[in-house]
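Visitor: Please find one structure pasted underneath; my questions will follow.
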Amino acid sequence: MKKQDWAERLKKLPPYLFAEIDRQKSSLKEKGVKFIDLSIGDPDILAPAKVIDVIYKSAKVKDNQKYALDQGKLSLRIAIKKWVKNRFAVKLDENKEILPLIGSKEGLVHFPLGFVNKGDYVIIPSPGYPGYRGAALFAGASVYEAALLRENNFLPDLGKVPIGVRNKAKIIYLNYPNNPTTALAPMSFLEKVVKFCSKYGIILAYDNAYSEIYFEDKPHSILEVKGAREIAVEFHSFSKTFCMTGFRIGWAHGASELVSTLLKVKTNIDSGIFGAIQAGARFALEKEQSYVKNLRKEFKNRRDFFIKNLQKIGLGNAYADSTFYVWVKLPRGIKSSMDFVKYLINEKRIIATPGIGFGKYGRGYARFALTVKKDILKKAIDLLEKI
Ligand SMILES: Cc1ncc(COP(=O)(O)O)c(C=O)c1O
């Protein structure tokens, strides 16, 4: 098929960053070249073994082999409700305010289809998870990139959003703990955001996929903020919390009208989540708290090791306050993050992600994902030593 046959919405999309990197990886693999992959946020750690047992058993149950109900199993929604209450002291109605998803990406990307018309704006963080841009463009929105700058602790300065954009914005995406900058959002900032959204009638899509990957400060839920329940929906993921990336399960919770609109969109797109996966996810929420604690310990260990050594080799201008990423300011003299990453692939056989792939304000940075064991990180440090 010729490129000009693509729909306009597809032409507007930049190349999906991770797909580009995947192509380079495949080419190295085909040539039999060994490399260290620190690019994609897919942990090397296995999902909890007992979750797999539950999924295995549940897969044999006839009901689970049929189309799943589109709102998700009640038992899973109740488990989510209890987990959210324990973790954030936020009370939810399992029938109106919780919606299981086929991974948080699925919900994040389908969400604007329920709200956005041509001419509306969607505000996305830059640098930010690439899915938000695609979501906005697929829904026909114009995109405004809100800069996350280190001088502002990687929080957007909402005062800088032009009035014209504020008035036409339908949705703002925010994500803390943040991928890729690793920043956390203090309560004072979240309160400002909720006020801003309420004032301008903007829906807040709060991506909390990394809520459990923290080291010092515990991340908040946006629903802890007064007034958020009317304007916000929050997204969670089993991918990061329980290393269940391939299972495809997450959830949304928040304002009942936002949740029901997302359900309406989804009913027209998918036919629910495999029941056995839902049963496994429920088990994870109810029984695997110590797995999550150990996971945090492991990532902290990796982070402390990597950061200490980055400092030693002159790449110490780096951020790693949460998540399993390290956001590194490029060494002086290297301007292009793409050039830097290409150099790492070609000369060091290390794959990182160029900052520019996360939006224009990612320029001058690269992201390393600590999704390999410490001995491999040590090898990477040895290779990086002679940059
Ligand atoms: C910030 C952020 N949100 C959402 C997702 C999607 O996660 P899921 O696997 O739940 O779709 C990712 C995945 O890397 C992410 O980094």
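In the structure tokens, chains take letters A, B, ... by order of appearance, with residues numbered from 1 within each chain and ligands from 1 in the order shown.
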Please list as a ChimeraX atom specification every residue within 8 Å of Lys57 (chain A), counting only C-alpha atoms and excluding residues in the same chain fewer than 4 positions away.

Guide: /A:53,61,276

Visitor: Which residues in region 103-303 of chain A does DSSP call alpha helix (DSSP H)? List them as a PyMOL selection string.

Guide: chain A and resi 104-110+131-138+163-168+187-200+228-231+238-241+256-267+275-287+289-303

Visitor: Might you pull out every residue within 8 Å of His220 (chain A), with only C-alpha atoms counted and same-chain residues fewer than 3 positions away left off, and present them as a list in words?

Guide: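 Near neighbours after the sequence-gap exclusion: Phe88, Ala185, Met187, Ser211 and Glu224 of chain A.
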
Visitor: I need the residues from that last selection saved to file as an mmCIF file, in the first residue's frame (with N, CA and C atoms), if you can.

Guide:
```cif
data_model
loop_
_atom_site.group_PDB
_atom_site.id
_atom_site.type_symbol
_atom_site.label_atom_id
_atom_site.label_comp_id
_atom_site.auth_asym_id
_atom_site.auth_seq_id
_atom_site.Cartn_x
_atom_site.Cartn_y
_atom_site.Cartn_z
ATOM 1 N N PHE A 88 -4.624 4.623 49.250
ATOM 2 C CA PHE A 88 -4.739 6.083 49.149
ATOM 3 C C PHE A 88 -5.792 6.675 50.088
ATOM 4 N N ALA A 185 4.907 14.231 42.006
ATOM 5 C CA ALA A 185 4.145 15.477 42.122
ATOM 6 C C ALA A 185 3.753 15.709 43.573
ATOM 7 N N MET A 187 1.666 17.311 46.738
ATOM 8 C CA MET A 187 0.243 17.600 46.921
ATOM 9 C C MET A 187 -0.100 19.034 46.505
ATOM 10 N N SER A 211 2.454 4.128 40.284
ATOM 11 C CA SER A 211 2.163 4.545 41.669
ATOM 12 C C SER A 211 2.926 3.730 42.713
ATOM 13 N N GLU A 224 -7.169 12.060 45.988
ATOM 14 C CA GLU A 224 -6.983 12.558 47.358
ATOM 15 C C GLU A 224 -7.268 14.063 47.414
#
```

Visitor: May I ask you to write as a ChimeraX atom specification all residues lying at most 6 Å from ligand 1, with only C-alpha atoms and all ligand atoms counted?

Guide: /A:41,103-105,129,179,207,209,237,239,245,250

Visitor: Mind dumping the selected residues with N, CA and C atoms as an mmCIF file, in the first residue's frame?

Guide:
```
data_model
loop_
_atom_site.group_PDB
_atom_site.id
_atom_site.type_symbol
_atom_site.label_atom_id
_atom_site.label_comp_id
_atom_site.auth_asym_id
_atom_site.auth_seq_id
_atom_site.Cartn_x
_atom_site.Cartn_y
_atom_site.Cartn_z
ATOM 1 N N GLY A 41 10.363 -0.064 28.985
ATOM 2 C CA GLY A 41 9.968 -0.255 30.385
ATOM 3 C C GLY A 41 9.258 -1.572 30.613
ATOM 4 N N GLY A 103 -5.081 -3.182 29.915
ATOM 5 C CA GLY A 103 -3.840 -2.408 30.083
ATOM 6 C C GLY A 103 -4.208 -0.938 30.177
ATOM 7 N N SER A 104 -3.422 -0.161 30.939
ATOM 8 C CA SER A 104 -3.791 1.247 31.109
ATOM 9 C C SER A 104 -3.683 2.002 29.787
ATOM 10 N N LYS A 105 -2.781 1.574 28.911
ATOM 11 C CA LYS A 105 -2.622 2.258 27.614
ATOM 12 C C LYS A 105 -3.937 2.239 26.838
ATOM 13 N N TYR A 129 4.853 10.170 28.044
ATOM 14 C CA TYR A 129 4.546 8.865 27.449
ATOM 15 C C TYR A 129 3.938 9.087 26.058
ATOM 16 N N ASN A 179 7.103 9.167 33.892
ATOM 17 C CA ASN A 179 7.925 8.595 32.847
ATOM 18 C C ASN A 179 8.016 9.672 31.768
ATOM 19 N N ASP A 207 -2.427 9.748 34.912
ATOM 20 C CA ASP A 207 -1.817 8.433 34.671
ATOM 21 C C ASP A 207 -0.926 8.068 35.869
ATOM 22 N N ALA A 209 0.331 4.983 36.472
ATOM 23 C CA ALA A 209 0.810 3.622 36.173
ATOM 24 C C ALA A 209 1.972 3.196 37.081
ATOM 25 N N SER A 237 -2.054 0.422 36.410
ATOM 26 C CA SER A 237 -1.558 -0.649 35.556
ATOM 27 C C SER A 237 -1.030 -1.813 36.388
ATOM 28 N N SER A 239 0.954 -3.757 34.907
ATOM 29 C CA SER A 239 2.212 -4.001 34.187
ATOM 30 C C SER A 239 3.427 -3.686 35.036
ATOM 31 N N THR A 245 3.305 -7.037 32.263
ATOM 32 C CA THR A 245 3.156 -6.244 31.026
ATOM 33 C C THR A 245 2.410 -7.005 29.928
ATOM 34 N N GLY A 250 -5.270 -3.391 33.388
ATOM 35 C CA GLY A 250 -5.126 -2.178 34.196
ATOM 36 C C GLY A 250 -6.528 -1.750 34.593
#
```

Visitor: May I ask which of the residues A:Gly364, A:Ser337, A:Gly314, A:Asn301 is the closest one to Glu385 (chain A), counting only C-alpha atoms?

Guide: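 Closest to Glu385 (chain A), using only C-alpha atoms: A:Gly314.
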
Visitor: Quick one: residues within 10 Å of Lys287 (chain A), only C-alpha atoms counted, chain neighbours fewer than 4 positions away excluded, as a PyMOL selection string?

Guide: chain A and resi 48+50-51+281-283+291

Visitor: From the options A:Cys197, A:Leu148, A:Ala380, A:Val54, which residue's atoms come nearest to Tyr176 (chain A), counting only C-alpha atoms?

Guide: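 For Tyr176 (chain A), the nearest of the candidates is A:Leu148.
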
Visitor: Name the residues in contact with Arg349 (chain A) at a cut-off of 9 Å, using only C-alpha atoms, excluding same-chain residues fewer than 4 positions from it; report them as a ChimeraX atom specification.

Guide: /A:33-37,343-345,380,383
